[in-house]
Structure formats: C-alpha cells, structure tokens
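Please read the structure below before turning to the comments.
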Amino acid sequence: MATFATSDQLLVVIDPVARRTDGESVRIAKDVLSGGAAIKVSLPDGPEEFARALARRGSRRPVVVGDDR
C-alpha cells in the first residue's frame, strides 16, 4: 500500500454530465490522478451535493473533472 503526504491527497469531484457524456475520459482522468496521489472520489448529483463534498474535503485538494458546459 502506497502512502502519500497530506499535500498529495485529492478530492476528485466528477461532474454528472461528464460521467454521462464522456465516461471513458473521466475514467482515464481518475486513473491518472490516482497514480500520483491518494484520491477520494465524489460523484455529486447536483450543486448541493457538490457544495457538501467541498465543505467536507478536509485537507484534500479539490480537483473537478467535468465538461465544457
């Protein structure tokens, strides 16, 4: 099991539109991010869940995976 410094911990928030329209690219982005850091993935269904995930991220750096819309 790999251990990472606190600065290498990420909260990866994945936009629901991106999951539906380009799931393969989302999967690749998640795989790349997890190769260099400890990640926690959040799959919010709307703005309220997105805000809740960010509020509970602790020391994790947020990364948002989405589309251009």
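Within each chain, counting starts at residue 1; across the structure tokens, chains are named A, B, ... in the order shown, with ligands numbered 1 upward in that order.
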
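If you count only C-alpha atoms and ignore residues fewer than 2 places along the chain from segment 30-32 of chain A, what sits within 12 Å of it is Leu10, Leu11, Val12, Val13, Ile14, Arg19, Gly23, Glu24, Ser25, Val26, Arg27, Ile28, Ser34, Gly35, Gly36, Ala37, Ala38, Ile39, Lys40, Val41, Ser42, Leu43, Val63, Val64, Val65 and Gly66 of chain A.
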
Next, the residues of the selection above should be written as a tab-separated table (two decimals), in the first residue's frame with N, CA, C and O atoms.
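Final file, again-v6.tsv:
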chain	number	residue	atom	x	y	z
A	10	LEU	N	-6.09	14.13	-2.71
A	10	LEU	CA	-7.00	14.88	-3.57
A	10	LEU	C	-8.44	14.45	-3.34
A	10	LEU	O	-8.72	13.28	-3.07
A	11	LEU	N	-9.35	15.40	-3.48
A	11	LEU	CA	-10.77	15.10	-3.59
A	11	LEU	C	-11.12	15.31	-5.05
A	11	LEU	O	-11.05	16.42	-5.56
A	12	VAL	N	-11.45	14.25	-5.74
A	12	VAL	CA	-11.79	14.32	-7.15
A	12	VAL	C	-13.31	14.33	-7.26
A	12	VAL	O	-13.99	13.35	-6.96
A	13	VAL	N	-13.84	15.49	-7.66
A	13	VAL	CA	-15.28	15.67	-7.82
A	13	VAL	C	-15.60	15.53	-9.30
A	13	VAL	O	-15.06	16.27	-10.13
A	14	ILE	N	-16.45	14.56	-9.62
A	14	ILE	CA	-16.74	14.27	-11.02
A	14	ILE	C	-18.15	14.73	-11.36
A	14	ILE	O	-19.13	14.28	-10.76
A	19	ARG	N	-19.77	12.42	-16.64
A	19	ARG	CA	-19.89	10.96	-16.49
A	19	ARG	C	-20.78	10.38	-17.58
A	19	ARG	O	-20.48	9.32	-18.13
A	23	GLY	N	-17.71	9.16	-20.35
A	23	GLY	CA	-17.28	8.31	-19.24
A	23	GLY	C	-15.87	7.77	-19.37
A	23	GLY	O	-15.15	7.64	-18.39
A	24	GLU	N	-15.45	7.49	-20.59
A	24	GLU	CA	-14.10	6.95	-20.80
A	24	GLU	C	-13.04	7.99	-20.44
A	24	GLU	O	-12.05	7.66	-19.77
A	25	SER	N	-13.23	9.22	-20.84
A	25	SER	CA	-12.26	10.28	-20.49
A	25	SER	C	-12.24	10.51	-18.98
A	25	SER	O	-11.18	10.76	-18.40
A	26	VAL	N	-13.39	10.45	-18.35
A	26	VAL	CA	-13.47	10.60	-16.89
A	26	VAL	C	-12.69	9.48	-16.22
A	26	VAL	O	-11.92	9.72	-15.28
A	27	ARG	N	-12.86	8.26	-16.69
A	27	ARG	CA	-12.14	7.12	-16.11
A	27	ARG	C	-10.63	7.30	-16.26
A	27	ARG	O	-9.87	7.06	-15.32
A	28	ILE	N	-10.20	7.74	-17.42
A	28	ILE	CA	-8.77	7.95	-17.66
A	28	ILE	C	-8.23	9.04	-16.74
A	28	ILE	O	-7.17	8.87	-16.13
A	34	SER	N	-5.02	9.14	-9.68
A	34	SER	CA	-4.76	8.18	-8.61
A	34	SER	C	-3.36	7.59	-8.70
A	34	SER	O	-2.86	7.03	-7.72
A	35	GLY	N	-2.72	7.73	-9.85
A	35	GLY	CA	-1.36	7.23	-9.99
A	35	GLY	C	-0.34	8.08	-9.26
A	35	GLY	O	0.75	7.60	-8.94
A	36	GLY	N	-0.67	9.33	-8.95
A	36	GLY	CA	0.29	10.21	-8.31
A	36	GLY	C	-0.14	10.74	-6.97
A	36	GLY	O	0.58	11.51	-6.34
A	37	ALA	N	-1.33	10.33	-6.51
A	37	ALA	CA	-1.83	10.85	-5.24
A	37	ALA	C	-2.89	9.92	-4.68
A	37	ALA	O	-3.47	9.11	-5.40
A	38	ALA	N	-3.13	10.06	-3.39
A	38	ALA	CA	-4.25	9.36	-2.76
A	38	ALA	C	-5.50	10.15	-3.09
A	38	ALA	O	-5.54	11.36	-2.89
A	39	ILE	N	-6.51	9.49	-3.63
A	39	ILE	CA	-7.71	10.22	-4.02
A	39	ILE	C	-8.94	9.69	-3.32
A	39	ILE	O	-9.02	8.51	-2.94
A	40	LYS	N	-9.89	10.59	-3.12
A	40	LYS	CA	-11.23	10.23	-2.70
A	40	LYS	C	-12.12	10.78	-3.80
A	40	LYS	O	-12.01	11.95	-4.19
A	41	VAL	N	-13.00	9.96	-4.34
A	41	VAL	CA	-13.86	10.35	-5.45
A	41	VAL	C	-15.24	10.71	-4.92
A	41	VAL	O	-15.81	10.00	-4.09
A	42	SER	N	-15.76	11.83	-5.42
A	42	SER	CA	-17.11	12.26	-5.10
A	42	SER	C	-17.90	12.35	-6.40
A	42	SER	O	-17.43	12.90	-7.39
A	43	LEU	N	-19.10	11.80	-6.38
A	43	LEU	CA	-19.96	11.78	-7.56
A	43	LEU	C	-21.27	12.52	-7.25
A	43	LEU	O	-22.33	11.90	-7.12
A	63	VAL	N	-10.15	18.65	-7.01
A	63	VAL	CA	-9.95	18.59	-8.46
A	63	VAL	C	-11.33	18.28	-9.04
A	63	VAL	O	-11.97	17.33	-8.64
A	64	VAL	N	-11.77	19.12	-9.97
A	64	VAL	CA	-13.08	18.91	-10.58
A	64	VAL	C	-12.87	18.38	-11.99
A	64	VAL	O	-12.14	18.96	-12.79
A	65	VAL	N	-13.53	17.26	-12.28
A	65	VAL	CA	-13.49	16.66	-13.61
A	65	VAL	C	-14.86	16.92	-14.23
A	65	VAL	O	-15.88	16.49	-13.67
A	66	GLY	N	-14.88	17.65	-15.34
A	66	GLY	CA	-16.15	17.98	-15.95
A	66	GLY	C	-16.01	18.18	-17.44
A	66	GLY	O	-14.98	17.89	-18.03

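DSSP, applied to the backbone of this structure, assigns alpha helix (DSSP H) to the following residues of segment 1-62 of chain A: Pro16, Val17, Ala18, Arg19, Arg20, Thr21, Gly23, Glu24, Ser25, Val26, Arg27, Ile28, Ala29, Lys30, Asp31, Val32, Leu33, Ser34, Gly35, Gly36, Pro47, Glu48, Glu49, Phe50, Ala51, Arg52, Ala53, Leu54 and Ala55 of chain A.
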
As a VMD selection string, list the residues of chain A assigned to strand (DSSP E or B) by DSSP on the backbone atoms of this structure. chain A and resid 9 to 14 38 to 42 61 to 65

List the spatial neighbours of Thr21 of chain A as a list of chain:residue names - criterion: any atom at most 9 Å away, only C-alpha atoms, same-chain residues fewer than 4 positions off excluded. A:Pro16, A:Val17, A:Asp67

For N, CA, C and O atoms, I'd like the residues from the last selection saved as an mmCIF file, in the first residue's frame.
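Here's the written file part18.cif:
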data_model
loop_
_atom_site.group_PDB
_atom_site.id
_atom_site.type_symbol
_atom_site.label_atom_id
_atom_site.label_comp_id
_atom_site.auth_asym_id
_atom_site.auth_seq_id
_atom_site.Cartn_x
_atom_site.Cartn_y
_atom_site.Cartn_z
ATOM 1 N N PRO A 16 -21.681 15.129 -13.048
ATOM 2 C CA PRO A 16 -22.568 14.099 -13.602
ATOM 3 C C PRO A 16 -22.714 14.169 -15.122
ATOM 4 O O PRO A 16 -22.857 13.131 -15.770
ATOM 5 N N VAL A 17 -22.674 15.371 -15.705
ATOM 6 C CA VAL A 17 -22.783 15.486 -17.167
ATOM 7 C C VAL A 17 -21.568 14.836 -17.822
ATOM 8 O O VAL A 17 -21.698 14.114 -18.813
ATOM 9 N N ASP A 67 -17.090 18.703 -18.006
ATOM 10 C CA ASP A 67 -17.054 19.002 -19.428
ATOM 11 C C ASP A 67 -17.059 20.520 -19.598
ATOM 12 O O ASP A 67 -16.985 21.257 -18.629
#

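Atom CA of Asp68 of chain A sits 10.7 Å away from atom CA of Asp15 of chain A.
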